[in-house]
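data-v1.cif, holding mmCIF, C-alpha atoms:
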data_start
#
loop_
_atom_site.group_PDB
_atom_site.id
_atom_site.type_symbol
_atom_site.label_atom_id
_atom_site.label_comp_id
_atom_site.auth_asym_id
_atom_site.auth_seq_id
_atom_site.Cartn_x
_atom_site.Cartn_y
_atom_site.Cartn_z
ATOM 1 C CA MET A 1 36.690 8.598 14.942
ATOM 2 C CA ARG A 2 35.030 5.554 13.390
ATOM 3 C CA ARG A 3 37.436 5.592 10.473
ATOM 4 C CA GLU A 4 40.459 5.560 12.835
ATOM 5 C CA SER A 5 39.294 2.389 14.692
ATOM 6 C CA GLU A 6 38.547 0.391 11.536
ATOM 7 C CA GLY A 7 41.604 1.562 9.620
ATOM 8 C CA SER A 8 41.598 2.703 6.009
ATOM 9 C CA PRO A 9 40.666 0.207 3.276
ATOM 10 C CA THR A 10 43.964 0.917 1.477
ATOM 11 C CA ARG A 11 45.990 0.043 4.576
ATOM 12 C CA TRP A 12 44.084 -3.278 5.085
ATOM 13 C CA GLY A 13 44.599 -4.052 1.426
ATOM 14 C CA TRP A 14 48.341 -3.694 1.812
ATOM 15 C CA VAL A 15 48.324 -5.897 4.918
ATOM 16 C CA TRP A 16 46.416 -8.638 3.086
ATOM 17 C CA CYS A 17 48.652 -8.411 0.040
ATOM 18 C CA THR A 18 51.781 -8.706 2.199
ATOM 19 C CA PHE A 19 50.298 -11.677 4.053
ATOM 20 C CA ALA A 20 49.306 -13.443 0.801
ATOM 21 C CA ALA A 21 52.770 -12.843 -0.690
ATOM 22 C CA ALA A 22 54.388 -14.314 2.449
ATOM 23 C CA VAL A 23 52.154 -17.410 2.234
ATOM 24 C CA VAL A 24 52.933 -17.865 -1.466
ATOM 25 C CA PHE A 25 56.664 -17.487 -0.740
ATOM 26 C CA VAL A 26 56.684 -20.026 2.118
ATOM 27 C CA VAL A 27 54.564 -22.598 0.251
ATOM 28 C CA GLY A 28 56.604 -22.069 -2.918
ATOM 29 C CA CYS A 29 59.842 -22.726 -1.045
ATOM 30 C CA GLN A 30 58.474 -25.915 0.465
ATOM 31 C CA VAL A 31 56.926 -27.348 -2.685
ATOM 32 C CA GLY A 32 59.100 -26.228 -5.575
ATOM 33 C CA GLY A 33 62.338 -24.721 -4.421
ATOM 34 C CA GLY A 34 63.355 -27.402 -1.915
ATOM 35 C CA ARG A 35 63.261 -30.386 -4.249
ATOM 36 C CA ASP A 36 64.867 -31.186 -7.598
ATOM 37 C CA SER A 37 62.658 -33.050 -10.048
ATOM 38 C CA MET A 38 63.886 -34.899 -13.109
ATOM 39 C CA ALA A 39 62.480 -37.351 -15.625
ATOM 40 C CA ILE A 40 64.603 -40.023 -17.276
ATOM 41 C CA GLU A 41 63.563 -42.480 -19.975
ATOM 42 C CA MET A 42 65.404 -45.763 -20.231
ATOM 43 C CA SER A 43 65.645 -47.992 -23.291
ATOM 44 C CA GLU A 44 68.158 -50.327 -24.976
ATOM 45 C CA PHE A 45 70.822 -49.286 -24.072
ATOM 46 C CA LYS A 46 70.646 -45.628 -23.060
ATOM 47 C CA PHE A 47 69.312 -43.071 -20.587
ATOM 48 C CA GLN A 48 67.503 -40.050 -21.995
ATOM 49 C CA PRO A 49 68.700 -37.471 -20.876
ATOM 50 C CA ASN A 50 72.051 -38.857 -19.823
ATOM 51 C CA GLU A 51 73.157 -35.708 -17.973
ATOM 52 C CA ILE A 52 71.293 -34.562 -14.871
ATOM 53 C CA THR A 53 72.022 -32.176 -12.008
ATOM 54 C CA ALA A 54 71.104 -32.159 -8.317
ATOM 55 C CA SER A 55 71.992 -30.149 -5.217
ATOM 56 C CA THR A 56 73.869 -31.419 -2.182
ATOM 57 C CA GLY A 57 71.707 -32.241 0.807
ATOM 58 C CA GLN A 58 68.534 -31.477 -1.132
ATOM 59 C CA PRO A 59 66.091 -34.296 -1.924
ATOM 60 C CA ALA A 60 65.833 -35.038 -5.632
ATOM 61 C CA THR A 61 62.970 -36.927 -7.234
ATOM 62 C CA LEU A 62 63.596 -38.969 -10.336
ATOM 63 C CA SER A 63 60.769 -40.127 -12.521
ATOM 64 C CA LEU A 64 62.189 -43.216 -14.204
ATOM 65 C CA ARG A 65 60.357 -44.697 -17.160
ATOM 66 C CA ASN A 66 61.402 -47.890 -18.913
ATOM 67 C CA ARG A 67 60.516 -47.624 -22.593
ATOM 68 C CA GLY A 68 62.601 -50.621 -23.553
ATOM 69 C CA THR A 69 61.786 -54.291 -23.869
ATOM 70 C CA VAL A 70 63.881 -55.617 -20.978
ATOM 71 C CA VAL A 71 64.309 -54.718 -17.312
ATOM 72 C CA HIS A 72 66.567 -51.764 -16.369
ATOM 73 C CA ASP A 73 67.633 -49.895 -13.231
ATOM 74 C CA PHE A 74 69.393 -46.675 -12.157
ATOM 75 C CA VAL A 75 72.435 -46.910 -9.912
ATOM 76 C CA VAL A 76 75.031 -44.352 -8.740
ATOM 77 C CA ARG A 77 77.684 -46.570 -7.179
ATOM 78 C CA GLU A 78 79.770 -43.755 -5.660
ATOM 79 C CA LEU A 79 76.787 -42.304 -3.788
ATOM 80 C CA ASP A 80 75.227 -45.648 -2.911
ATOM 81 C CA ILE A 81 72.018 -44.770 -4.764
ATOM 82 C CA ALA A 82 69.998 -47.565 -6.386
ATOM 83 C CA SER A 83 66.508 -47.602 -7.840
ATOM 84 C CA PRO A 84 64.357 -50.723 -7.856
ATOM 85 C CA LYS A 85 64.404 -52.786 -11.050
ATOM 86 C CA ILE A 86 61.921 -51.367 -13.537
ATOM 87 C CA GLN A 87 60.049 -53.713 -15.859
ATOM 88 C CA PRO A 88 59.348 -52.807 -19.510
ATOM 89 C CA GLY A 89 56.689 -50.132 -19.819
ATOM 90 C CA GLN A 90 56.665 -49.348 -16.091
ATOM 91 C CA SER A 91 57.392 -46.016 -14.369
ATOM 92 C CA VAL A 92 58.833 -45.454 -10.912
ATOM 93 C CA ASN A 93 59.205 -42.270 -8.867
ATOM 94 C CA PHE A 94 62.400 -42.539 -6.934
ATOM 95 C CA SER A 95 63.895 -40.085 -4.403
ATOM 96 C CA PHE A 96 67.435 -39.645 -3.179
ATOM 97 C CA THR A 97 69.523 -37.024 -1.407
ATOM 98 C CA PRO A 98 73.062 -36.521 -2.730
ATOM 99 C CA SER A 99 75.500 -36.414 0.176
ATOM 100 C CA ARG A 100 78.441 -34.676 -1.525
ATOM 101 C CA THR A 101 79.295 -32.526 -4.504
ATOM 102 C CA GLY A 102 81.017 -33.761 -7.623
ATOM 103 C CA THR A 103 80.336 -35.477 -10.920
ATOM 104 C CA PHE A 104 79.217 -39.082 -10.685
ATOM 105 C CA GLN A 105 78.389 -41.763 -13.200
ATOM 106 C CA PHE A 106 74.998 -43.463 -13.145
ATOM 107 C CA VAL A 107 74.557 -46.823 -14.851
ATOM 108 C CA CYS A 108 72.194 -49.716 -15.458
ATOM 109 C CA THR A 109 73.573 -52.713 -13.556
ATOM 110 C CA GLU A 110 71.986 -55.452 -15.696
ATOM 111 C CA PRO A 111 74.847 -57.590 -17.057
ATOM 112 C CA GLY A 112 76.293 -55.995 -20.192
ATOM 113 C CA HIS A 113 74.037 -52.932 -20.211
ATOM 114 C CA GLU A 114 76.687 -50.604 -18.769
ATOM 115 C CA GLN A 115 79.263 -51.902 -21.271
ATOM 116 C CA ALA A 116 76.730 -51.384 -24.062
ATOM 117 C CA GLY A 117 76.654 -47.662 -23.217
ATOM 118 C CA MET A 118 73.826 -47.410 -20.698
ATOM 119 C CA VAL A 119 75.574 -44.753 -18.595
ATOM 120 C CA GLY A 120 75.031 -41.096 -17.711
ATOM 121 C CA THR A 121 76.383 -38.294 -15.563
ATOM 122 C CA LEU A 122 74.955 -36.866 -12.355
ATOM 123 C CA ALA A 123 76.421 -33.472 -11.430
ATOM 124 C CA VAL A 124 75.875 -32.563 -7.778
ATOM 125 C CA LYS A 125 76.389 -28.856 -6.981
ATOM 126 C CA MET B 126 68.259 -107.976 -38.628
ATOM 127 C CA THR B 127 65.124 -105.882 -38.709
ATOM 128 C CA THR B 128 66.059 -104.256 -35.431
ATOM 129 C CA ARG B 129 69.508 -103.437 -36.777
ATOM 130 C CA LEU B 130 67.988 -101.927 -39.938
ATOM 131 C CA LEU B 131 65.524 -99.858 -37.931
ATOM 132 C CA ARG B 132 68.318 -98.635 -35.688
ATOM 133 C CA ALA B 133 70.443 -97.687 -38.714
ATOM 134 C CA ARG B 134 67.534 -95.780 -40.230
ATOM 135 C CA SER B 135 66.480 -94.037 -37.041
ATOM 136 C CA ARG B 136 69.991 -92.914 -36.066
ATOM 137 C CA PRO B 137 70.078 -89.855 -38.422
ATOM 138 C CA LEU B 138 66.612 -88.911 -37.202
ATOM 139 C CA ALA B 139 67.727 -89.143 -33.587
ATOM 140 C CA VAL B 140 70.821 -87.051 -34.336
ATOM 141 C CA GLY B 141 68.695 -84.513 -36.202
ATOM 142 C CA SER B 142 66.240 -84.362 -33.346
ATOM 143 C CA ALA B 143 69.026 -83.891 -30.819
ATOM 144 C CA LEU B 144 70.616 -81.132 -32.922
ATOM 145 C CA ALA B 145 67.293 -79.366 -33.295
ATOM 146 C CA GLU B 146 66.753 -79.619 -29.552
ATOM 147 C CA ALA B 147 70.203 -78.225 -28.911
ATOM 148 C CA GLY B 148 69.376 -75.332 -31.232
ATOM 149 C CA SER B 149 66.084 -74.581 -29.529
ATOM 150 C CA LEU B 150 67.529 -74.815 -26.005
ATOM 151 C CA GLY B 151 70.551 -72.739 -26.992
ATOM 152 C CA GLY B 152 68.274 -70.066 -28.446
ATOM 153 C CA LEU B 153 66.080 -69.993 -25.362
ATOM 154 C CA GLY B 154 69.151 -69.789 -23.134
ATOM 155 C CA ALA B 155 70.601 -66.889 -25.093
ATOM 156 C CA LEU B 156 67.312 -64.989 -25.004
ATOM 157 C CA ALA B 157 66.995 -65.643 -21.262
ATOM 158 C CA GLY B 158 70.413 -64.079 -20.750
ATOM 159 C CA VAL B 159 69.454 -60.658 -22.083
ATOM 160 C CA ALA B 160 68.423 -59.505 -18.616
ATOM 161 C CA CYS B 161 68.137 -60.988 -15.173
ATOM 162 C CA CYS B 162 65.115 -60.320 -13.087
ATOM 163 C CA GLY B 163 62.082 -61.723 -11.376
ATOM 164 C CA PRO B 164 61.453 -64.540 -8.978
ATOM 165 C CA PHE B 165 64.034 -66.821 -10.603
ATOM 166 C CA TYR B 166 67.371 -65.056 -10.628
ATOM 167 C CA VAL B 167 69.188 -65.866 -13.864
ATOM 168 C CA GLY B 168 72.061 -63.375 -13.540
ATOM 169 C CA TRP B 169 74.642 -66.093 -14.085
ATOM 170 C CA LEU B 170 73.092 -66.893 -17.460
ATOM 171 C CA ALA B 171 73.146 -63.211 -18.394
ATOM 172 C CA GLN B 172 76.825 -63.097 -17.501
ATOM 173 C CA ILE B 173 77.557 -66.125 -19.707
ATOM 174 C CA VAL B 174 75.601 -64.667 -22.631
ATOM 175 C CA PHE B 175 77.357 -61.311 -22.326
ATOM 176 C CA THR B 176 80.788 -62.924 -22.048
ATOM 177 C CA ALA B 177 80.101 -65.091 -25.103
ATOM 178 C CA GLY B 178 78.349 -62.551 -27.302
ATOM 179 C CA GLY B 179 79.618 -59.210 -26.068
ATOM 180 C CA VAL B 180 77.830 -55.933 -26.665
ATOM 181 C CA ALA B 181 77.042 -56.799 -30.301
ATOM 182 C CA GLY B 182 75.457 -60.068 -29.211
ATOM 183 C CA LEU B 183 73.323 -58.266 -26.663
ATOM 184 C CA TYR B 184 72.102 -55.760 -29.268
ATOM 185 C CA PHE B 185 71.365 -58.588 -31.684
ATOM 186 C CA LEU B 186 69.364 -60.581 -29.114
ATOM 187 C CA VAL B 187 67.295 -57.563 -28.059
ATOM 188 C CA GLN B 188 66.732 -56.251 -31.579
ATOM 189 C CA TYR B 189 65.843 -59.558 -33.207
ATOM 190 C CA GLU B 190 64.061 -61.284 -30.339
ATOM 191 C CA ALA B 191 60.872 -62.054 -32.293
ATOM 192 C CA PRO B 192 62.626 -63.637 -35.330
ATOM 193 C CA LEU B 193 64.911 -65.551 -32.956
ATOM 194 C CA LEU B 194 61.900 -66.898 -31.079
ATOM 195 C CA LEU B 195 60.396 -67.951 -34.398
ATOM 196 C CA SER B 196 63.645 -69.797 -35.164
ATOM 197 C CA VAL B 197 63.449 -71.489 -31.762
ATOM 198 C CA ALA B 198 59.876 -72.528 -32.567
ATOM 199 C CA ALA B 199 61.049 -73.915 -35.932
ATOM 200 C CA PHE B 200 63.834 -75.905 -34.228
ATOM 201 C CA CYS B 201 61.303 -77.230 -31.730
ATOM 202 C CA ALA B 202 58.959 -78.236 -34.544
ATOM 203 C CA LEU B 203 61.811 -80.127 -36.245
ATOM 204 C CA ALA B 204 62.769 -81.828 -32.997
ATOM 205 C CA GLY B 205 59.118 -82.644 -32.346
ATOM 206 C CA ARG B 206 58.712 -84.061 -35.854
ATOM 207 C CA PHE B 207 61.739 -86.340 -35.633
ATOM 208 C CA GLY B 208 61.581 -87.108 -31.936
ATOM 209 C CA ALA B 209 59.559 -89.860 -30.360
ATOM 210 C CA GLY B 210 57.387 -90.239 -27.281
ATOM 211 C CA PRO B 211 58.057 -87.739 -24.508
ATOM 212 C CA TYR B 212 60.676 -85.848 -26.583
ATOM 213 C CA ARG B 213 58.035 -85.041 -29.134
ATOM 214 C CA ARG B 214 55.612 -83.631 -26.553
ATOM 215 C CA ILE B 215 58.285 -81.537 -24.817
ATOM 216 C CA ASN B 216 59.378 -80.037 -28.104
ATOM 217 C CA TRP B 217 55.866 -79.245 -29.239
ATOM 218 C CA MET B 218 55.238 -77.476 -25.931
ATOM 219 C CA LEU B 219 58.495 -75.525 -26.139
ATOM 220 C CA GLY B 220 57.706 -74.558 -29.721
ATOM 221 C CA GLY B 221 54.242 -73.348 -28.762
ATOM 222 C CA LEU B 222 55.679 -71.240 -25.949
ATOM 223 C CA ALA B 223 58.292 -69.684 -28.253
ATOM 224 C CA LEU B 224 55.616 -68.933 -30.831
ATOM 225 C CA ILE B 225 53.374 -67.213 -28.252
ATOM 226 C CA PHE B 226 56.237 -65.045 -26.963
ATOM 227 C CA ALA B 227 57.272 -64.170 -30.526
ATOM 228 C CA GLY B 228 53.708 -62.976 -31.134
ATOM 229 C CA VAL B 229 53.584 -60.931 -27.921
ATOM 230 C CA ARG B 230 56.961 -59.324 -28.686
ATOM 231 C CA THR B 231 55.764 -58.397 -32.174
ATOM 232 C CA VAL B 232 52.616 -56.793 -30.745
ATOM 233 C CA TRP B 233 54.783 -54.976 -28.164
ATOM 234 C CA ASP B 234 56.942 -53.530 -30.950
ATOM 235 C CA LEU B 235 53.862 -52.355 -32.835
ATOM 236 C CA ASN B 236 52.026 -50.879 -29.815
ATOM 237 C CA TYR B 237 53.233 -51.698 -26.327
ATOM 238 C CA GLU B 238 50.091 -50.278 -24.695
ATOM 239 C CA VAL B 239 48.065 -53.168 -26.111
ATOM 240 C CA VAL B 240 50.255 -55.687 -24.270
ATOM 241 C CA MET B 241 50.266 -53.593 -21.082
ATOM 242 C CA ALA B 242 46.476 -53.487 -21.115
ATOM 243 C CA VAL B 243 46.284 -57.291 -20.861
ATOM 244 C CA PRO B 244 47.890 -58.427 -17.567
ATOM 245 C CA LEU B 245 47.800 -62.071 -18.669
ATOM 246 C CA ALA B 246 50.039 -61.150 -21.595
ATOM 247 C CA TYR B 247 52.063 -58.401 -19.934
ATOM 248 C CA TRP B 248 53.399 -60.151 -16.820
ATOM 249 C CA PRO B 249 54.702 -63.265 -18.612
ATOM 250 C CA PHE B 250 56.214 -60.887 -21.179
ATOM 251 C CA ALA B 251 57.899 -58.720 -18.517
ATOM 252 C CA TYR B 252 59.350 -61.800 -16.813
ATOM 253 C CA ARG B 253 60.030 -63.780 -19.988
ATOM 254 C CA GLN B 254 63.765 -64.210 -19.351
ATOM 255 C CA PRO B 255 63.241 -66.202 -16.121
ATOM 256 C CA VAL B 256 60.443 -68.114 -17.868
ATOM 257 C CA PHE B 257 62.777 -69.065 -20.757
ATOM 258 C CA ALA B 258 65.533 -70.036 -18.333
ATOM 259 C CA THR B 259 63.263 -72.180 -16.174
ATOM 260 C CA VAL B 260 61.488 -73.902 -19.046
ATOM 261 C CA GLY B 261 64.748 -74.457 -20.936
ATOM 262 C CA LEU B 262 66.490 -75.939 -17.900
ATOM 263 C CA LEU B 263 63.515 -78.192 -17.160
ATOM 264 C CA ALA B 264 63.482 -79.439 -20.768
ATOM 265 C CA LEU B 265 67.228 -80.042 -20.656
ATOM 266 C CA GLY B 266 66.932 -81.883 -17.347
ATOM 267 C CA PHE B 267 64.083 -84.028 -18.642
ATOM 268 C CA ARG B 268 66.033 -84.812 -21.810
ATOM 269 C CA LEU B 269 69.083 -85.881 -19.787
ATOM 270 C CA VAL B 270 66.987 -88.049 -17.472
ATOM 271 C CA LEU B 271 65.366 -89.808 -20.461
ATOM 272 C CA LEU B 272 68.727 -90.206 -22.162
ATOM 273 C CA VAL B 273 70.197 -91.898 -19.125
ATOM 274 C CA LYS B 274 67.076 -93.967 -18.547
ATOM 275 C CA HIS B 275 67.005 -95.330 -22.104
ATOM 276 C CA HIS B 276 70.735 -95.913 -22.355
ATOM 277 C CA PRO B 277 71.660 -99.649 -22.637
ATOM 278 C CA VAL B 278 73.868 -99.345 -19.574
ATOM 279 C CA CYS B 279 70.813 -98.557 -17.499
ATOM 280 C CA GLN B 280 68.783 -101.485 -18.838
ATOM 281 C CA PRO B 281 69.651 -104.742 -17.037
ATOM 282 C CA LEU B 282 67.831 -106.944 -19.546
ATOM 283 C CA LEU B 283 69.812 -105.639 -22.503
ATOM 284 C CA LEU B 284 73.015 -105.850 -20.522
ATOM 285 C CA ARG B 285 72.282 -109.443 -19.653
ATOM 286 C CA ARG B 286 71.589 -110.255 -23.314
ATOM 287 C CA TYR B 287 74.848 -108.639 -24.446
ATOM 288 C CA ALA B 288 76.742 -110.413 -21.667
ATOM 289 C CA GLY B 289 75.148 -113.756 -22.554
#
Final structure tokens representation of the file:
Amino acid sequence: MRRESEGSPTRWGWVWCTFAAAVVFVVGCQVGGGRDSMAIEMSEFKFQPNEITASTGQPATLSLRNRGTVVHDFVVRELDIASPKIQPGQSVNFSFTPSRTGTFQFVCTEPGHEQAGMVGTLAVK
Amino acid sequence: MTTRLLRARSRPLAVGSALAEAGSLGGLGALAGVACCGPFYVGWLAQIVFTAGGVAGLYFLVQYEAPLLLSVAAFCALAGRFGAGPYRRINWMLGGLALIFAGVRTVWDLNYEVVMAVPLAYWPFAYRQPVFATVGLLALGFRLVLLVKHHPVCQPLLLRRYAG
């Protein structure tokens, strides 16, 4: 009689395991699965890596680091995305949400930097 | 007679000083045009430098910034040596500034963390292009003002003597 009211330890174990798995799943979706994270290093005159991917309608976080000796920035003209200007040695975390799919070019808009080859490709799926 | 002789002797020095100043200001201007940023927007200068030098010029300016700054300092020293009065002081100051930035850039190339650890060195270094542009334009403006001021046309006494 007493065992029926308290339930068996095995059954409670399963309940707790299921609950913990559900919590891990929900938290995991919110923290990791819902956001794209990328790191880009900038120098004269290149982005490293120069090919990145993101998902439509999903916030993406870029960690931009300027390892060069002059100021640089990150701009996707077609998507109206622009980072602040980043001074030599500085890092900036910068978020954006791509509004449509396609392949877009990102550039540094300092005069001459784009022409010198400071360009890359953003693929939005 | 003596005045004429002195003038004839000092003319090459004045020309040399002016050429050296042109070299130093040109160098500072080119280095300022590598990037535009900071409180003083010098994008127009960057555009001129890129149009004149192209991609190769940009690479050259970025790669050899420290030696170029040393050259600017040498030009300033020449101009300071041959110049007189206020010209001399301006050129010595410009030369000192170029020398300091050449040193900071060299340290940056060796270990950038050292420069970043010293805010007094890092922030002028990060914003050096606007600093070069501002200082260069001020020096040029001052030079032009002095040139006009000391020109015979602007000196009534000399004019009167020539007229008489």
#### Entry: Nearest candidate to chain B (options A:Ile52, A:Val75, A:Met118, A:Ala39; using all atoms listed in the file)
A:Met118
### Query
Applied to this file, what does the PyMOL selection byres ((chain B) within 6 of (chain A)) return in terms of residues, put as a ChimeraX atom specification?
/B:172,175,180
Would you write out those residues with C-alpha atoms, as an mmCIF file, in the frame of the given file?
data_model
loop_
_atom_site.group_PDB
_atom_site.id
_atom_site.type_symbol
_atom_site.label_atom_id
_atom_site.label_comp_id
_atom_site.auth_asym_id
_atom_site.auth_seq_id
_atom_site.Cartn_x
_atom_site.Cartn_y
_atom_site.Cartn_z
ATOM 1 C CA GLN B 172 76.825 -63.097 -17.501
ATOM 2 C CA PHE B 175 77.357 -61.311 -22.326
ATOM 3 C CA VAL B 180 77.830 -55.933 -26.665
#
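Within 12 Å of the point (57.1, -85.2, -27.2) in file coordinates, and counting all atoms listed in the file, lie the residues Ser142, Glu146, Cys201, Ala202, Leu203, Ala204, Gly205, Arg206, Phe207, Gly208, Ala209, Gly210, Pro211, Tyr212, Arg213, Arg214, Ile215, Asn216, Trp217, Met218, Leu219, Gly220, Ala264, Phe267, Arg268 and Leu271 of chain B.
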Keeping only C-alpha atoms, write the selected residues to a file as a PDB file, in the frame of the given file.
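Contents of part.pdb, freshly written:
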ATOM      1  CA  SER B 142      66.240 -84.362 -33.346  1.00  0.00           C
ATOM      2  CA  GLU B 146      66.753 -79.619 -29.552  1.00  0.00           C
ATOM      3  CA  CYS B 201      61.303 -77.230 -31.730  1.00  0.00           C
ATOM      4  CA  ALA B 202      58.959 -78.236 -34.544  1.00  0.00           C
ATOM      5  CA  LEU B 203      61.811 -80.127 -36.245  1.00  0.00           C
ATOM      6  CA  ALA B 204      62.769 -81.828 -32.997  1.00  0.00           C
ATOM      7  CA  GLY B 205      59.118 -82.644 -32.346  1.00  0.00           C
ATOM      8  CA  ARG B 206      58.712 -84.061 -35.854  1.00  0.00           C
ATOM      9  CA  PHE B 207      61.739 -86.340 -35.633  1.00  0.00           C
ATOM     10  CA  GLY B 208      61.581 -87.108 -31.936  1.00  0.00           C
ATOM     11  CA  ALA B 209      59.559 -89.860 -30.360  1.00  0.00           C
ATOM     12  CA  GLY B 210      57.387 -90.239 -27.281  1.00  0.00           C
ATOM     13  CA  PRO B 211      58.057 -87.739 -24.508  1.00  0.00           C
ATOM     14  CA  TYR B 212      60.676 -85.848 -26.583  1.00  0.00           C
ATOM     15  CA  ARG B 213      58.035 -85.041 -29.134  1.00  0.00           C
ATOM     16  CA  ARG B 214      55.612 -83.631 -26.553  1.00  0.00           C
ATOM     17  CA  ILE B 215      58.285 -81.537 -24.817  1.00  0.00           C
ATOM     18  CA  ASN B 216      59.378 -80.037 -28.104  1.00  0.00           C
ATOM     19  CA  TRP B 217      55.866 -79.245 -29.239  1.00  0.00           C
ATOM     20  CA  MET B 218      55.238 -77.476 -25.931  1.00  0.00           C
ATOM     21  CA  LEU B 219      58.495 -75.525 -26.139  1.00  0.00           C
ATOM     22  CA  GLY B 220      57.706 -74.558 -29.721  1.00  0.00           C
ATOM     23  CA  ALA B 264      63.482 -79.439 -20.768  1.00  0.00           C
ATOM     24  CA  PHE B 267      64.083 -84.028 -18.642  1.00  0.00           C
ATOM     25  CA  ARG B 268      66.033 -84.812 -21.810  1.00  0.00           C
ATOM     26  CA  LEU B 271      65.366 -89.808 -20.461  1.00  0.00           C
TER      27      LEU B 271
END
### Task
Record the distance separating atom CA of Ile40 of chain A and atom CA of Tyr184 of chain B, expressed in Å with one decimal.
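Between these atoms lies a distance of 21.2 Å.
Atom CA of Thr53 of chain A lies 10.5 Å from atom CA of Thr101 of chain A.
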### Message
To test your reading of the syntax: which residues would the PyMOL selection byres ((chain A and resi 55) around 8) return for the file shown? Reply as a VMD selection string.
### Response
chain A and resid 36 53 to 54 56 to 60 98 101 124 to 125
#### Entry: Exercise: segment 246-256 of chain B partners within 10 Å, only C-alpha atoms, chain neighbours under 2 positions left out, as a PyMOL selection string
(chain A and resi 69-71+86-90) or (chain B and resi 153-168+170-171+222+225-227+229-230+233+237-244+258-262)
